[in-house]
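**Q** Dropping a structure here in structure tokens format, bear with me for questions.
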Amino acid sequence: MSEPDIKKGLAGVYADVTAVSKVNPETNSLLYRGYPVQELAGTQSFEAVAYLLWHGELPTGDQLAELRAVERANRAIPADVREFIDAMPTSAHPMDEVRTVVSLLGGFETAGIDNVLDAAGTPAENLDRSVRLFAILPAIVAYGQRRRHGLEIIEPREDLDYAANFLWMTFGEEPAPVVVDAFNRSMILYAEHSFNASTFTARVITSTLSDLYSGVVGAIGALKGPLHGGANEAVLHIFTEIGSAENVVPWLDEVLAAKRKIMGFGHRVYKRGDSRVPTMKLALDALVDHYDRPDVAALYDALESEFVSRKGIYPNLDYPSGPAYSLMGFDTLTFTPLFIAARITGWTAHIMEQQASNALIRPLSAYDGPDERHVEGYEPDAAEVEALERPEEAAG
Ligand SMILES: CC(C)(COP(=O)(O)OP(=O)(O)OC[C@H]1O[C@@H](n2cnc3c(N)ncnc32)[C@H](O)[C@@H]1OP(=O)(O)O)[C@@H](O)C(=O)NCCC(=O)NCCS
């Protein structure tokens, strides 16, 4: 038998088709349902992009108004869910907190359903669940940051759009338009990215005919890792470690000698730069001006140019988004939960796409363990012997 062709990490493997987004490494471009992401980030609200990812088209004025009405009506955390959140230690990692709350919401949703197939839901039910998760996640993330600071919850404001309301619930201040714009852009840029690890996890779970909440919970677990969503958090730790632009060269000498990876650089698919970076960098520049923090821009530029010239590895979206979220006032620990709030749109679009055209995802593995051996004294049953000897064509 010939050796199986193993693609470690599934690198270069096409696992299925999707109509949700297209990543083109040749042109470093990313399209959501055909639209370049930078065009969407420059012109659309996150609500409109969520609609696009779910439905395949940008919404008309009425469709957007309808989505916004449902989103606003589902923003607040219900009292019974709040009790569970308050029971969690404030020292829990916020990714664990959000993952747990989403799981809990699933438990509330499917309460009373005793058939596992019914729990998987109809397309209409799953769209409804997707919109409700999209609506409630900002309150969960915002309250998480406030709880860690010993602050009271801030209820949502019906007169504010998604991005402004998210910032309001976190900081209790009406945000400046430049901050709302930067935040809205970041949400759009993080919304979707084809078969990345967390989305693929969601699709694997969905492929077993499990429910949407289970898919999202699994996706959050995958996103938590620093090789995926955790990188924007790690970028801020790096910035803190370096301190200022003058320290970049000696710092880099040391970490490269130690063969450490520099978070926020490199990408499995884009090898010549990530198309989302210039759009997010524009937003970061606007924030640097707004908060008058040229030191942040200096450190950003120094590390980027030094690392790119030494290694030829370019920044990914986490590189500009980490400092941008920090300037807005988000805690470093809240960055990856912000990614969840954005990516919920892409994950749920993929879950619904998987449900609409399902095949159980179950790859093969090659084996490199011990050769076959036997437990002493074991006598096989006649049926077991027959099964082992059954000819292949009878396997069905
Ligand atoms: C994203 C990432 C996992 C992609 O990995 P990949 O496609 O499997 O590429 P590899 O990790 O095999 O990297 C190829 C080479 O580039 C190096 N490299 C890649 N990213 C690097 C980084 N951020 N810092 C230092 N070296 C890096 C690797 O060490 C490896 O070098 P080698 O061939 O000498 O061993 C990787 O670039 C990384 O770990 N980046 C940092 C984490 C991050 O920012 N993640 C967010 C992604 S959106």
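Labels for the structure tokens follow display order: chains A, B, ..., residues from 1 in each chain, ligands from 1.
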Taking 4 positions as the minimum chain separation for residues in the same chain, which residues sit within 9 Å of Pro320 in chain A when counting only C-alpha atoms? Answer as a list in words.
**A**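 Answer for this query is Asn232, Val235, Gly264, Val277, Pro278, Met280, Lys281, Ala283, Leu284, Tyr300, Pro315, Asn316, Ala324 and Tyr325 of chain A.
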**Q** Give the residue list for ligand 1 at 9 Å, counting only C-alpha atoms and all ligand atoms, as a ChimeraX atom specification, sorted by chain and then by residue number.
**A** /A:9,11,196,225-232,234-235,255-256,259-271,274,307,311-319
**Q** For the selection just defined, write its residues with N, CA and C atoms to a file, as a CSV table (one decimal), in the first residue's frame.
**A**
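selection20.csv written:
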chain,number,residue,atom,x,y,z
A,9,GLY,N,-1.6,19.9,9.5
A,9,GLY,CA,-2.3,21.2,9.7
A,9,GLY,C,-3.3,21.4,8.5
A,11,ALA,N,-2.8,22.1,5.7
A,11,ALA,CA,-2.3,23.2,4.9
A,11,ALA,C,-2.4,22.8,3.4
A,196,ASN,N,-10.9,29.4,8.4
A,196,ASN,CA,-9.9,29.6,9.5
A,196,ASN,C,-10.2,28.5,10.6
A,225,GLY,N,-6.9,30.4,21.2
A,225,GLY,CA,-5.5,30.1,21.1
A,225,GLY,C,-4.7,31.3,20.5
A,226,PRO,N,-3.5,31.5,21.0
A,226,PRO,CA,-2.7,32.7,20.5
A,226,PRO,C,-2.2,32.5,19.0
A,227,LEU,N,-2.3,31.3,18.4
A,227,LEU,CA,-2.0,31.2,17.0
A,227,LEU,C,-3.2,31.7,16.2
A,228,HIS,N,-4.3,31.9,16.8
A,228,HIS,CA,-5.5,32.4,16.1
A,228,HIS,C,-5.9,33.7,16.7
A,229,GLY,N,-7.1,33.7,17.4
A,229,GLY,CA,-7.6,35.0,17.9
A,229,GLY,C,-6.8,35.7,19.0
A,230,GLY,N,-6.1,34.8,19.8
A,230,GLY,CA,-5.4,35.4,20.9
A,230,GLY,C,-4.2,36.3,20.5
A,231,ALA,N,-3.9,36.3,19.2
A,231,ALA,CA,-2.7,37.1,18.8
A,231,ALA,C,-2.8,38.6,19.0
A,232,ASN,N,-4.1,39.2,18.9
A,232,ASN,CA,-4.2,40.6,19.1
A,232,ASN,C,-3.8,41.0,20.6
A,234,ALA,N,-1.7,39.2,22.4
A,234,ALA,CA,-0.3,39.0,22.5
A,234,ALA,C,0.5,40.2,21.9
A,235,VAL,N,-0.1,40.9,20.9
A,235,VAL,CA,0.6,42.1,20.4
A,235,VAL,C,0.8,43.1,21.4
A,255,VAL,N,14.8,38.3,20.9
A,255,VAL,CA,13.7,37.4,20.7
A,255,VAL,C,13.9,36.5,19.5
A,256,LEU,N,14.5,37.1,18.5
A,256,LEU,CA,14.8,36.2,17.3
A,256,LEU,C,15.9,35.2,17.6
A,259,LYS,N,14.4,32.4,19.1
A,259,LYS,CA,13.5,31.7,18.1
A,259,LYS,C,12.0,31.9,18.6
A,260,ARG,N,11.7,33.0,19.2
A,260,ARG,CA,10.3,33.3,19.6
A,260,ARG,C,9.6,33.8,18.4
A,261,LYS,N,8.3,33.5,18.4
A,261,LYS,CA,7.4,34.0,17.3
A,261,LYS,C,6.9,35.4,17.7
A,262,ILE,N,6.9,36.3,16.7
A,262,ILE,CA,6.4,37.7,17.0
A,262,ILE,C,4.9,37.7,16.7
A,263,MET,N,4.1,37.8,17.7
A,263,MET,CA,2.6,37.8,17.4
A,263,MET,C,2.2,39.0,16.6
A,264,GLY,N,1.2,38.7,15.8
A,264,GLY,CA,0.7,39.8,14.9
A,264,GLY,C,1.4,39.9,13.6
A,265,PHE,N,2.3,38.9,13.4
A,265,PHE,CA,3.0,38.8,12.1
A,265,PHE,C,2.8,37.4,11.5
A,266,GLY,N,2.7,37.3,10.2
A,266,GLY,CA,2.7,36.0,9.6
A,266,GLY,C,1.2,35.6,9.4
A,267,HIS,N,1.0,34.7,8.4
A,267,HIS,CA,-0.4,34.2,8.2
A,267,HIS,C,-0.3,32.9,7.4
A,268,ARG,N,-1.1,32.0,7.7
A,268,ARG,CA,-1.1,30.7,7.0
A,268,ARG,C,-1.4,30.9,5.5
A,269,VAL,N,-2.3,31.8,5.2
A,269,VAL,CA,-2.7,31.9,3.8
A,269,VAL,C,-2.0,33.1,3.1
A,270,TYR,N,-2.0,34.3,3.7
A,270,TYR,CA,-1.3,35.4,3.1
A,270,TYR,C,0.1,35.4,3.4
A,271,LYS,N,0.9,35.3,2.3
A,271,LYS,CA,2.4,35.3,2.6
A,271,LYS,C,3.0,36.6,2.2
A,274,ASP,N,-1.4,41.1,4.5
A,274,ASP,CA,-2.8,40.8,4.8
A,274,ASP,C,-3.6,42.1,4.3
A,307,PHE,N,11.0,44.2,11.5
A,307,PHE,CA,10.7,42.8,11.4
A,307,PHE,C,10.6,42.4,10.0
A,311,LYS,N,12.9,39.6,8.3
A,311,LYS,CA,12.3,38.2,8.1
A,311,LYS,C,11.4,38.1,6.8
A,312,GLY,N,11.0,39.3,6.3
A,312,GLY,CA,10.1,39.2,5.1
A,312,GLY,C,8.8,38.7,5.5
A,313,ILE,N,8.4,38.8,6.8
A,313,ILE,CA,7.0,38.3,7.2
A,313,ILE,C,6.2,39.6,7.6
A,314,TYR,N,5.0,39.7,7.0
A,314,TYR,CA,4.2,40.9,7.1
A,314,TYR,C,3.2,40.8,8.3
A,315,PRO,N,2.7,42.0,8.7
A,315,PRO,CA,1.7,42.0,9.8
A,315,PRO,C,0.4,41.4,9.3
A,316,ASN,N,-0.3,40.9,10.3
A,316,ASN,CA,-1.7,40.5,10.0
A,316,ASN,C,-2.6,41.4,10.8
A,317,LEU,N,-3.9,41.2,10.6
A,317,LEU,CA,-4.9,42.2,11.2
A,317,LEU,C,-4.7,42.4,12.7
A,318,ASP,N,-4.2,41.4,13.4
A,318,ASP,CA,-4.1,41.6,14.8
A,318,ASP,C,-3.1,42.7,15.2
A,319,TYR,N,-2.1,42.9,14.3
A,319,TYR,CA,-1.1,43.9,14.6
A,319,TYR,C,-1.7,45.3,14.8
**Q** Residues within 12 Å of Ile153 in chain A, please, as a ChimeraX atom specification. Count only C-alpha atoms; anything in the same chain fewer than 5 positions from it doesn't count.
**A** /A:76-77,79,82,85-86,139-148,168-172
**Q** Output N, CA, C and O atoms for every residue in the selection just made, as an mmCIF file, in the first residue's frame.
**A**
data_model
loop_
_atom_site.group_PDB
_atom_site.id
_atom_site.type_symbol
_atom_site.label_atom_id
_atom_site.label_comp_id
_atom_site.auth_asym_id
_atom_site.auth_seq_id
_atom_site.Cartn_x
_atom_site.Cartn_y
_atom_site.Cartn_z
ATOM 1 N N ALA A 76 -30.084 43.360 25.589
ATOM 2 C CA ALA A 76 -29.898 43.272 27.047
ATOM 3 C C ALA A 76 -29.692 41.825 27.509
ATOM 4 O O ALA A 76 -30.238 40.894 26.922
ATOM 5 N N ILE A 77 -28.919 41.674 28.584
ATOM 6 C CA ILE A 77 -28.701 40.332 29.159
ATOM 7 C C ILE A 77 -29.894 40.021 30.068
ATOM 8 O O ILE A 77 -30.157 40.770 31.014
ATOM 9 N N ALA A 79 -32.183 38.643 33.082
ATOM 10 C CA ALA A 79 -31.803 38.568 34.499
ATOM 11 C C ALA A 79 -31.288 37.172 34.885
ATOM 12 O O ALA A 79 -30.315 37.055 35.644
ATOM 13 N N ARG A 82 -27.819 36.766 33.674
ATOM 14 C CA ARG A 82 -26.956 37.666 34.460
ATOM 15 C C ARG A 82 -26.543 37.010 35.788
ATOM 16 O O ARG A 82 -25.401 37.133 36.228
ATOM 17 N N ILE A 85 -23.721 34.758 35.163
ATOM 18 C CA ILE A 85 -22.475 35.496 34.892
ATOM 19 C C ILE A 85 -21.888 35.980 36.219
ATOM 20 O O ILE A 85 -20.692 35.848 36.478
ATOM 21 N N ASP A 86 -22.748 36.502 37.072
ATOM 22 C CA ASP A 86 -22.262 37.040 38.352
ATOM 23 C C ASP A 86 -21.689 35.962 39.257
ATOM 24 O O ASP A 86 -20.911 36.248 40.158
ATOM 25 N N ALA A 139 -23.154 43.103 24.916
ATOM 26 C CA ALA A 139 -23.458 43.313 26.337
ATOM 27 C C ALA A 139 -22.635 42.367 27.207
ATOM 28 O O ALA A 139 -22.140 42.749 28.271
ATOM 29 N N ILE A 140 -22.450 41.135 26.738
ATOM 30 C CA ILE A 140 -21.684 40.149 27.516
ATOM 31 C C ILE A 140 -20.207 40.577 27.600
ATOM 32 O O ILE A 140 -19.595 40.547 28.664
ATOM 33 N N VAL A 141 -19.673 41.010 26.460
ATOM 34 C CA VAL A 141 -18.257 41.408 26.424
ATOM 35 C C VAL A 141 -18.048 42.687 27.254
ATOM 36 O O VAL A 141 -17.105 42.797 28.051
ATOM 37 N N ALA A 142 -18.949 43.657 27.063
ATOM 38 C CA ALA A 142 -18.825 44.941 27.782
ATOM 39 C C ALA A 142 -18.958 44.725 29.288
ATOM 40 O O ALA A 142 -18.163 45.242 30.079
ATOM 41 N N TYR A 143 -19.935 43.925 29.672
ATOM 42 C CA TYR A 143 -20.137 43.674 31.106
ATOM 43 C C TYR A 143 -18.939 42.921 31.685
ATOM 44 O O TYR A 143 -18.515 43.163 32.822
ATOM 45 N N GLY A 144 -18.359 42.034 30.882
ATOM 46 C CA GLY A 144 -17.170 41.296 31.337
ATOM 47 C C GLY A 144 -16.056 42.256 31.719
ATOM 48 O O GLY A 144 -15.456 42.137 32.795
ATOM 49 N N GLN A 145 -15.772 43.214 30.841
ATOM 50 C CA GLN A 145 -14.705 44.180 31.162
ATOM 51 C C GLN A 145 -15.071 44.980 32.424
ATOM 52 O O GLN A 145 -14.250 45.200 33.301
ATOM 53 N N ARG A 146 -16.324 45.402 32.517
ATOM 54 C CA ARG A 146 -16.729 46.217 33.672
ATOM 55 C C ARG A 146 -16.646 45.411 34.968
ATOM 56 O O ARG A 146 -16.199 45.901 35.993
ATOM 57 N N ARG A 147 -17.089 44.166 34.910
ATOM 58 C CA ARG A 147 -17.034 43.315 36.112
ATOM 59 C C ARG A 147 -15.602 43.173 36.624
ATOM 60 O O ARG A 147 -15.342 43.213 37.812
ATOM 61 N N ARG A 148 -14.660 43.020 35.667
ATOM 62 C CA ARG A 148 -13.258 42.853 36.079
ATOM 63 C C ARG A 148 -12.716 44.106 36.762
ATOM 64 O O ARG A 148 -11.745 44.062 37.483
ATOM 65 N N TRP A 168 -20.618 52.443 24.380
ATOM 66 C CA TRP A 168 -21.388 53.019 25.491
ATOM 67 C C TRP A 168 -21.500 52.005 26.644
ATOM 68 O O TRP A 168 -21.250 52.333 27.800
ATOM 69 N N MET A 169 -21.865 50.770 26.310
ATOM 70 C CA MET A 169 -22.054 49.760 27.366
ATOM 71 C C MET A 169 -20.734 49.419 28.068
ATOM 72 O O MET A 169 -20.732 48.955 29.201
ATOM 73 N N THR A 170 -19.604 49.629 27.356
ATOM 74 C CA THR A 170 -18.311 49.317 27.974
ATOM 75 C C THR A 170 -17.818 50.472 28.851
ATOM 76 O O THR A 170 -17.324 50.261 29.949
ATOM 77 N N PHE A 171 -17.959 51.706 28.328
ATOM 78 C CA PHE A 171 -17.304 52.837 29.000
ATOM 79 C C PHE A 171 -18.275 53.825 29.664
ATOM 80 O O PHE A 171 -17.845 54.683 30.426
ATOM 81 N N GLY A 172 -19.572 53.732 29.302
ATOM 82 C CA GLY A 172 -20.543 54.630 29.914
ATOM 83 C C GLY A 172 -20.412 56.066 29.449
ATOM 84 O O GLY A 172 -20.835 56.990 30.145
#
**Q** Could you state the separation of CA of Thr27 in chain A and CA of Leu287 in chain A in Å, given to one decimal place?
**A**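 Answer for the CA of Thr27 in chain A to CA of Leu287 in chain A separation: 28.1 Å.
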**Q** Please list as number ranges by chain every residue within 7 Å of Thr345 in chain A, counting only C-alpha atoms and excluding residues in the same chain fewer than 6 positions away.
**A** A: 50, 53, 134, 191
**Q** Kindly export the residues of the current selection with N, CA, C and O atoms, as a CSV table (one decimal), in the first residue's frame.
**A**
chain,number,residue,atom,x,y,z
A,50,ALA,N,-23.2,42.2,8.5
A,50,ALA,CA,-23.8,41.0,9.1
A,50,ALA,C,-24.9,40.5,8.2
A,50,ALA,O,-25.0,39.3,7.9
A,53,LEU,N,-23.4,38.9,5.1
A,53,LEU,CA,-22.9,37.5,5.3
A,53,LEU,C,-24.0,36.5,5.5
A,53,LEU,O,-23.8,35.4,5.0
A,134,PHE,N,-25.7,37.7,17.9
A,134,PHE,CA,-25.0,38.9,17.4
A,134,PHE,C,-25.4,40.1,18.3
A,134,PHE,O,-24.6,41.0,18.7
A,191,ALA,N,-15.0,40.1,10.7
A,191,ALA,CA,-16.2,39.4,10.7
A,191,ALA,C,-16.1,38.0,10.1
A,191,ALA,O,-16.8,37.1,10.5
**Q** Report as a PyMOL selection string all protein, DNA and RNA residues lying within 8 Å of range 213-219 of chain A, evaluated on only C-alpha atoms, omitting residues in the same chain fewer than 2 positions from it.
**A** chain A and resi 99-100+102-103+105-106+197-206+210-211+221-223+344+347-348+351
**Q** Suppose you want the space between CA of Glu233 in chain A and CA of Thr332 in chain A; what is it in Å?
**A**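 Atom-to-atom, CA of Glu233 in chain A to CA of Thr332 in chain A, that is 5.4 Å.
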**Q** Compile the contact shell of Met95 in chain A as a ChimeraX atom specification: residues with an atom at most 8 Å away, counting only C-alpha atoms, same-chain residues fewer than 3 positions apart removed.
**A** /A:98-99,220-221,224,336-337
**Q** Based on the selection just made, write N, CA, C and O atoms of those residues as a PDB file, in the first residue's frame.
**A**
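The result, written out as selection.pdb:
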ATOM      1  N   VAL A  98     -17.062  34.215  28.090  1.00  0.00           N
ATOM      2  CA  VAL A  98     -17.985  34.331  26.950  1.00  0.00           C
ATOM      3  C   VAL A  98     -18.381  32.944  26.435  1.00  0.00           C
ATOM      4  O   VAL A  98     -19.548  32.691  26.131  1.00  0.00           O
ATOM      5  N   ARG A  99     -17.401  32.036  26.387  1.00  0.00           N
ATOM      6  CA  ARG A  99     -17.705  30.671  25.921  1.00  0.00           C
ATOM      7  C   ARG A  99     -18.774  30.024  26.807  1.00  0.00           C
ATOM      8  O   ARG A  99     -19.712  29.402  26.324  1.00  0.00           O
ATOM      9  N   ILE A 220     -15.371  29.326  19.674  1.00  0.00           N
ATOM     10  CA  ILE A 220     -14.755  30.231  20.661  1.00  0.00           C
ATOM     11  C   ILE A 220     -13.522  29.560  21.280  1.00  0.00           C
ATOM     12  O   ILE A 220     -12.483  30.190  21.467  1.00  0.00           O
ATOM     13  N   GLY A 221     -13.649  28.255  21.553  1.00  0.00           N
ATOM     14  CA  GLY A 221     -12.502  27.525  22.100  1.00  0.00           C
ATOM     15  C   GLY A 221     -11.315  27.573  21.141  1.00  0.00           C
ATOM     16  O   GLY A 221     -10.171  27.768  21.556  1.00  0.00           O
ATOM     17  N   LYS A 224      -9.608  31.063  20.970  1.00  0.00           N
ATOM     18  CA  LYS A 224      -8.867  31.495  22.168  1.00  0.00           C
ATOM     19  C   LYS A 224      -7.343  31.368  22.008  1.00  0.00           C
ATOM     20  O   LYS A 224      -6.583  32.142  22.591  1.00  0.00           O
ATOM     21  N   THR A 336      -9.777  39.559  22.479  1.00  0.00           N
ATOM     22  CA  THR A 336     -10.244  38.367  21.756  1.00  0.00           C
ATOM     23  C   THR A 336     -11.764  38.228  21.883  1.00  0.00           C
ATOM     24  O   THR A 336     -12.417  37.844  20.908  1.00  0.00           O
ATOM     25  N   PRO A 337     -12.373  38.539  23.034  1.00  0.00           N
ATOM     26  CA  PRO A 337     -13.839  38.582  23.061  1.00  0.00           C
ATOM     27  C   PRO A 337     -14.434  39.564  22.035  1.00  0.00           C
ATOM     28  O   PRO A 337     -15.507  39.315  21.474  1.00  0.00           O
TER      29      PRO A 337
END
**Q** Show me, as an MDAnalysis selection string, the residues that have an atom within 9 Å of Val248 in chain A when counting only C-alpha atoms, minus same-chain residues fewer than 3 positions from it.
**A** chainID A and resid 242:245 251:253 299 302:303 306
**Q** My list of candidates is A:Ala120, A:Ala48, A:Ala387, A:Ala182. Which is closest to Gln354 in chain A when distances are computed with only C-alpha atoms?
**A**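 Under the stated criterion, the closest residue is A:Ala120.
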**Q** I'd like the interatomic distance between CA of Leu104 in chain A and CA of Glu152 in chain A, to a tenth of an Å.
**A**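 Those two atoms sit 21.7 Å apart.
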**Q** Of the residues A:Gln355, A:Ser194, A:Ser2, A:Asn184, which is the one nearest to Leu338 in chain A, using only C-alpha atoms?
**A**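 Closest residue, counting only C-alpha atoms: A:Asn184.
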